[in-house]
Amino acid sequence: MTTVLITGANRGLGLEFARQYRANGADVIACCRAPAKADLLNALAVKVLELDVTDSASINTLAAALKGTPIDILIASAGIWGPERQGADDCDFDRILEVLTVNSVGPWRVARALKANLVAGYDKKLVVITSKMGSISDSSGGSIAYRASKAALNMIMHAVAKEWARDGLKVGIFHPGWVQTDMGGPQAPLDAEASINGLCARIAELSTRTSGRFIDYAGKEIGW
Ligand SMILES: NC(=O)c1ccc[n+]([C@@H]2O[C@H](COP(=O)([O-])OP(=O)(O)OC[C@H]3O[C@@H](n4cnc5c(N)ncnc54)[C@H](OP(=O)(O)O)[C@@H]3O)[C@@H](O)[C@H]2O)c1
C-alpha cells in the first residue's frame, strides 16, 4: 500500500489530496496545525498528526513519531498568501519574512526531517505545491512576497532535486492552477477536485527525467 504524507491537509488542496489518495486506497498521513479542529479531515478516517511547518519542535516531534515508517510520497501543500500589503513601497516586512518561512523554507525543513522515511519508501517522491506566480519569466509584478516565496521554493527544490538524486529521490515542483480554495477564492476557474486529479496524475508519472522541473497540474512545463 502506498503511504502518502500531506502537509496543510485540513483544508484546500491538502484536504483534497487526502480525500483522493484515501479514496484510491493509500495509507494517508495527514498533517495540520490543529488536528482536534480538523473535522473534515478526521471524517476521512486517515491518520491525522500535528505539524506547523515553521516550528522546529513540531517538525522534530513529527519525525520522531514517524521514525522507521517508510513514506512513498511526501506532499508539501501548506502555504500562505501573506499580508495585503505586498507592494514595493507599501510592505509589512515582518509578515513578508513569515511568507518566506512558511512557503520557501517550510517544505525544505519538513522534507529534510523526513528524508530517511522517503529514502526507505518505494516511490521516493517529494512533491511541493508551488505557483506559477513564482515564475520570473512570466510575471506581471505585484504580490511581491508571495511571488518571491514561490520563486525561492522553486530554486530550493531544483537544487534539492539535484543533490537528492544520488539518494534515488525525485522532486516534483508543481503548480496546481488557479483553484477555488480559501486562498484561490471563489472566482478561480478550477475546482479542487479537478486540480488534484491532474496533480495526482503528475505525481504518478514523476520520474528521474521530470524531477526538478516546474510543471503545472495539466503537465505543461512553466518557464522559471
Ligand atoms: N489555490 C490556488 O489557486 C493556488 C494556486 C497556486 C498555488 N497554490 C498553493 O497551493 C498550496 C495550498 O493552497 P490552498 O489553496 O489549499 O490554500 P488554503 O486553502 O489557504 O490552505 C492553506 C493550508 O496551509 C496550511 N498552513 C498555513 N500555514 C501553515 C503552517 N505554518 N504550518 C502548517 N500548515 C500551514 C493551512 O492550515 P491552517 O488551516 O492551520 O491555516 C491550510 O491547511 C499553497 O502552497 C499555495 O501557495 C494555491
# chains A, B, ... in the order shown; residues from 1 in each chain; ligands from 1

call {"tool": "select_by_dssp", "arguments": {"residues": "range 1-223 of chain A", "states": "alpha helix (DSSP H)", "output": "PyMOL selection string"}}
result
chain A and resi 12-23+39-42+56-65+93-99+106-113+115-120+144-164+192-205

call {"tool": "residues_near_ligand", "arguments": {"ligand": "ligand 1", "cutoff": "6 Å", "atoms": "only C-alpha atoms and all ligand atoms", "output": "PyMOL selection string"}}
result
chain A and resi 8-14+32-33+51-54+77-80+102+129-131+175-184

call {"tool": "residues_around", "arguments": {"residues": "Phe214 in chain A", "least_positions_apart": "5", "cutoff": "7 Å", "atoms": "only C-alpha atoms", "output": "number ranges by chain"}}
result
A: 173-174, 221-222

call {"tool": "residues_around", "arguments": {"residues": "range 107-111 of chain A", "least_positions_apart": "6", "cutoff": "12 Å", "atoms": "only C-alpha atoms", "output": "JSON, numbers by chain"}}
result
{"A": [5, 6, 7, 8, 31, 51, 52, 53, 54, 55, 56, 57, 58, 59, 60, 61, 62, 63, 71, 73, 74, 75, 76, 77, 78, 79, 100, 101, 117, 118, 119, 124, 125, 126, 127, 128, 129, 130, 149, 150, 152, 153, 154, 155, 156, 157, 158, 159, 160, 161, 164, 169, 170, 171, 173]}

call {"tool": "select_by_dssp", "arguments": {"residues": "chain A", "states": "strand (DSSP E or B)", "output": "mmCIF file with N, CA, C and O atoms, in the first residue's frame"}}
result
data_model
loop_
_atom_site.group_PDB
_atom_site.id
_atom_site.type_symbol
_atom_site.label_atom_id
_atom_site.label_comp_id
_atom_site.auth_asym_id
_atom_site.auth_seq_id
_atom_site.Cartn_x
_atom_site.Cartn_y
_atom_site.Cartn_z
ATOM 1 N N THR A 3 2.107 4.831 0.956
ATOM 2 C CA THR A 3 1.954 5.746 2.090
ATOM 3 C C THR A 3 2.247 7.168 1.619
ATOM 4 O O THR A 3 3.306 7.440 1.046
ATOM 5 N N VAL A 4 1.274 8.062 1.853
ATOM 6 C CA VAL A 4 1.385 9.451 1.405
ATOM 7 C C VAL A 4 1.274 10.374 2.606
ATOM 8 O O VAL A 4 0.302 10.278 3.367
ATOM 9 N N LEU A 5 2.240 11.241 2.791
ATOM 10 C CA LEU A 5 2.159 12.247 3.870
ATOM 11 C C LEU A 5 1.887 13.606 3.230
ATOM 12 O O LEU A 5 2.530 13.988 2.247
ATOM 13 N N ILE A 6 0.921 14.327 3.801
ATOM 14 C CA ILE A 6 0.486 15.607 3.230
ATOM 15 C C ILE A 6 0.552 16.683 4.311
ATOM 16 O O ILE A 6 0.036 16.480 5.426
ATOM 17 N N THR A 7 1.143 17.829 4.005
ATOM 18 C CA THR A 7 1.114 18.958 4.950
ATOM 19 C C THR A 7 -0.031 19.902 4.561
ATOM 20 O O THR A 7 -0.439 19.950 3.400
ATOM 21 N N ASP A 27 -2.472 4.749 2.176
ATOM 22 C CA ASP A 27 -2.372 4.968 3.613
ATOM 23 C C ASP A 27 -1.970 6.445 3.765
ATOM 24 O O ASP A 27 -0.862 6.823 3.381
ATOM 25 N N VAL A 28 -2.874 7.284 4.251
ATOM 26 C CA VAL A 28 -2.638 8.728 4.271
ATOM 27 C C VAL A 28 -2.256 9.206 5.671
ATOM 28 O O VAL A 28 -2.972 8.923 6.638
ATOM 29 N N ILE A 29 -1.130 9.912 5.744
ATOM 30 C CA ILE A 29 -0.743 10.584 6.993
ATOM 31 C C ILE A 29 -0.983 12.070 6.742
ATOM 32 O O ILE A 29 -0.274 12.704 5.961
ATOM 33 N N ALA A 30 -2.040 12.586 7.349
ATOM 34 C CA ALA A 30 -2.477 13.953 7.068
ATOM 35 C C ALA A 30 -2.011 14.871 8.193
ATOM 36 O O ALA A 30 -2.367 14.655 9.354
ATOM 37 N N CYS A 31 -1.229 15.884 7.847
ATOM 38 C CA CYS A 31 -0.662 16.771 8.872
ATOM 39 C C CYS A 31 -1.324 18.141 8.825
ATOM 40 O O CYS A 31 -1.595 18.685 7.742
ATOM 41 N N CYS A 32 -1.582 18.676 10.010
ATOM 42 C CA CYS A 32 -2.153 20.022 10.090
ATOM 43 C C CYS A 32 -1.811 20.630 11.446
ATOM 44 O O CYS A 32 -1.339 19.935 12.340
ATOM 45 N N LYS A 47 -4.890 8.982 9.177
ATOM 46 C CA LYS A 47 -4.105 9.260 10.376
ATOM 47 C C LYS A 47 -3.799 10.758 10.394
ATOM 48 O O LYS A 47 -3.218 11.283 9.435
ATOM 49 N N VAL A 48 -4.199 11.457 11.440
ATOM 50 C CA VAL A 48 -4.005 12.907 11.499
ATOM 51 C C VAL A 48 -2.938 13.231 12.543
ATOM 52 O O VAL A 48 -3.065 12.847 13.705
ATOM 53 N N LEU A 49 -1.902 13.937 12.113
ATOM 54 C CA LEU A 49 -0.812 14.302 13.021
ATOM 55 C C LEU A 49 -0.585 15.811 12.990
ATOM 56 O O LEU A 49 -0.801 16.462 11.965
ATOM 57 N N GLU A 50 -0.131 16.335 14.123
ATOM 58 C CA GLU A 50 0.072 17.783 14.233
ATOM 59 C C GLU A 50 1.388 18.203 13.574
ATOM 60 O O GLU A 50 2.416 17.556 13.753
ATOM 61 N N ILE A 73 5.331 8.963 -0.770
ATOM 62 C CA ILE A 73 5.126 10.278 -1.388
ATOM 63 C C ILE A 73 4.921 11.307 -0.282
ATOM 64 O O ILE A 73 4.051 11.127 0.583
ATOM 65 N N LEU A 74 5.721 12.355 -0.299
ATOM 66 C CA LEU A 74 5.550 13.457 0.672
ATOM 67 C C LEU A 74 5.079 14.679 -0.113
ATOM 68 O O LEU A 74 5.769 15.124 -1.038
ATOM 69 N N ILE A 75 3.911 15.191 0.234
ATOM 70 C CA ILE A 75 3.349 16.346 -0.483
ATOM 71 C C ILE A 75 3.331 17.555 0.443
ATOM 72 O O ILE A 75 2.616 17.581 1.449
ATOM 73 N N ALA A 76 4.119 18.571 0.109
ATOM 74 C CA ALA A 76 4.167 19.800 0.900
ATOM 75 C C ALA A 76 3.197 20.802 0.281
ATOM 76 O O ALA A 76 3.512 21.490 -0.694
ATOM 77 N N GLN A 86 1.789 44.095 -0.189
ATOM 78 C CA GLN A 86 2.971 43.427 -0.756
ATOM 79 C C GLN A 86 3.530 44.240 -1.914
ATOM 80 O O GLN A 86 4.027 43.697 -2.897
ATOM 81 N N CYS A 91 4.807 47.836 2.238
ATOM 82 C CA CYS A 91 5.039 46.443 2.630
ATOM 83 C C CYS A 91 5.226 46.329 4.138
ATOM 84 O O CYS A 91 5.655 47.267 4.799
ATOM 85 N N LYS A 125 9.208 9.934 -3.703
ATOM 86 C CA LYS A 125 8.789 11.171 -4.373
ATOM 87 C C LYS A 125 8.486 12.273 -3.363
ATOM 88 O O LYS A 125 7.642 12.102 -2.480
ATOM 89 N N LEU A 126 9.159 13.386 -3.548
ATOM 90 C CA LEU A 126 8.865 14.614 -2.793
ATOM 91 C C LEU A 126 8.154 15.568 -3.757
ATOM 92 O O LEU A 126 8.656 15.817 -4.859
ATOM 93 N N VAL A 127 7.005 16.082 -3.333
ATOM 94 C CA VAL A 127 6.227 16.987 -4.191
ATOM 95 C C VAL A 127 5.982 18.281 -3.446
ATOM 96 O O VAL A 127 5.500 18.261 -2.305
ATOM 97 N N VAL A 128 6.314 19.410 -4.068
ATOM 98 C CA VAL A 128 5.979 20.689 -3.448
ATOM 99 C C VAL A 128 4.958 21.407 -4.329
ATOM 100 O O VAL A 128 5.032 21.375 -5.554
ATOM 101 N N ILE A 129 3.986 22.028 -3.648
ATOM 102 C CA ILE A 129 2.964 22.781 -4.376
ATOM 103 C C ILE A 129 3.433 24.227 -4.425
ATOM 104 O O ILE A 129 3.364 24.973 -3.446
ATOM 105 N N LYS A 170 13.072 11.714 -6.131
ATOM 106 C CA LYS A 170 12.593 12.557 -7.223
ATOM 107 C C LYS A 170 11.782 13.702 -6.624
ATOM 108 O O LYS A 170 11.080 13.492 -5.638
ATOM 109 N N VAL A 171 11.881 14.884 -7.230
ATOM 110 C CA VAL A 171 11.210 16.065 -6.668
ATOM 111 C C VAL A 171 10.285 16.686 -7.717
ATOM 112 O O VAL A 171 10.746 17.117 -8.785
ATOM 113 N N GLY A 172 8.997 16.743 -7.398
ATOM 114 C CA GLY A 172 8.028 17.397 -8.277
ATOM 115 C C GLY A 172 7.793 18.827 -7.810
ATOM 116 O O GLY A 172 7.510 19.059 -6.627
ATOM 117 N N ILE A 173 7.939 19.780 -8.720
ATOM 118 C CA ILE A 173 7.715 21.201 -8.404
ATOM 119 C C ILE A 173 6.476 21.592 -9.213
ATOM 120 O O ILE A 173 6.554 21.935 -10.382
ATOM 121 N N PHE A 174 5.294 21.508 -8.572
ATOM 122 C CA PHE A 174 4.041 21.518 -9.329
ATOM 123 C C PHE A 174 3.148 22.723 -9.003
ATOM 124 O O PHE A 174 2.887 23.029 -7.829
ATOM 125 N N HIS A 175 2.640 23.350 -10.064
ATOM 126 C CA HIS A 175 1.644 24.441 -9.954
ATOM 127 C C HIS A 175 0.250 23.819 -10.086
ATOM 128 O O HIS A 175 -0.017 23.109 -11.067
ATOM 129 N N VAL A 179 -7.138 27.825 -8.245
ATOM 130 C CA VAL A 179 -8.129 26.881 -7.728
ATOM 131 C C VAL A 179 -9.019 27.510 -6.650
ATOM 132 O O VAL A 179 -8.549 28.283 -5.802
ATOM 133 N N LEU A 190 -10.848 26.773 -11.562
ATOM 134 C CA LEU A 190 -10.739 25.319 -11.337
ATOM 135 C C LEU A 190 -11.288 24.948 -9.970
ATOM 136 O O LEU A 190 -11.069 25.688 -9.007
ATOM 137 N N PHE A 214 9.573 22.440 -13.394
ATOM 138 C CA PHE A 214 8.455 23.285 -12.944
ATOM 139 C C PHE A 214 7.290 23.008 -13.903
ATOM 140 O O PHE A 214 7.335 23.390 -15.080
ATOM 141 N N ILE A 215 6.271 22.301 -13.394
ATOM 142 C CA ILE A 215 5.219 21.753 -14.259
ATOM 143 C C ILE A 215 3.849 22.061 -13.651
ATOM 144 O O ILE A 215 3.699 22.078 -12.433
ATOM 145 N N ASP A 216 2.841 22.305 -14.506
ATOM 146 C CA ASP A 216 1.512 22.576 -13.942
ATOM 147 C C ASP A 216 0.674 21.297 -13.834
ATOM 148 O O ASP A 216 1.110 20.220 -14.268
ATOM 149 N N GLU A 221 4.974 22.448 -18.997
ATOM 150 C CA GLU A 221 6.170 22.990 -18.351
ATOM 151 C C GLU A 221 6.043 24.519 -18.243
ATOM 152 O O GLU A 221 5.539 25.178 -19.146
#

call {"tool": "residues_around", "arguments": {"residues": "Arg202 in chain A", "least_positions_apart": "5", "cutoff": "8 Å", "atoms": "only C-alpha atoms", "output": "PyMOL selection string"}}
result
chain A and resi 217-219

call {"tool": "residues_around", "arguments": {"residues": "Tyr146 in chain A", "least_positions_apart": "5", "cutoff": "7 Å", "atoms": "only C-alpha atoms", "output": "ChimeraX atom specification"}}
result
/A:81-82,99

call {"tool": "closest_residue", "arguments": {"among": "A:Asp123, A:Thr2, A:Glu163, A:Leu15", "to": "Glu193 in chain A", "atoms": "only C-alpha atoms"}}
result
A:Leu15

call {"tool": "closest_residue", "arguments": {"among": "A:Ala145, A:Met1, A:Thr208, A:Ala34", "to": "Asp94 in chain A", "atoms": "only C-alpha atoms"}}
result
A:Ala145

call {"tool": "atom_distance", "arguments": {"atom1": "CA of Met133 in chain A", "atom2": "CA of Ala151 in chain A"}}
result
7.9 Å
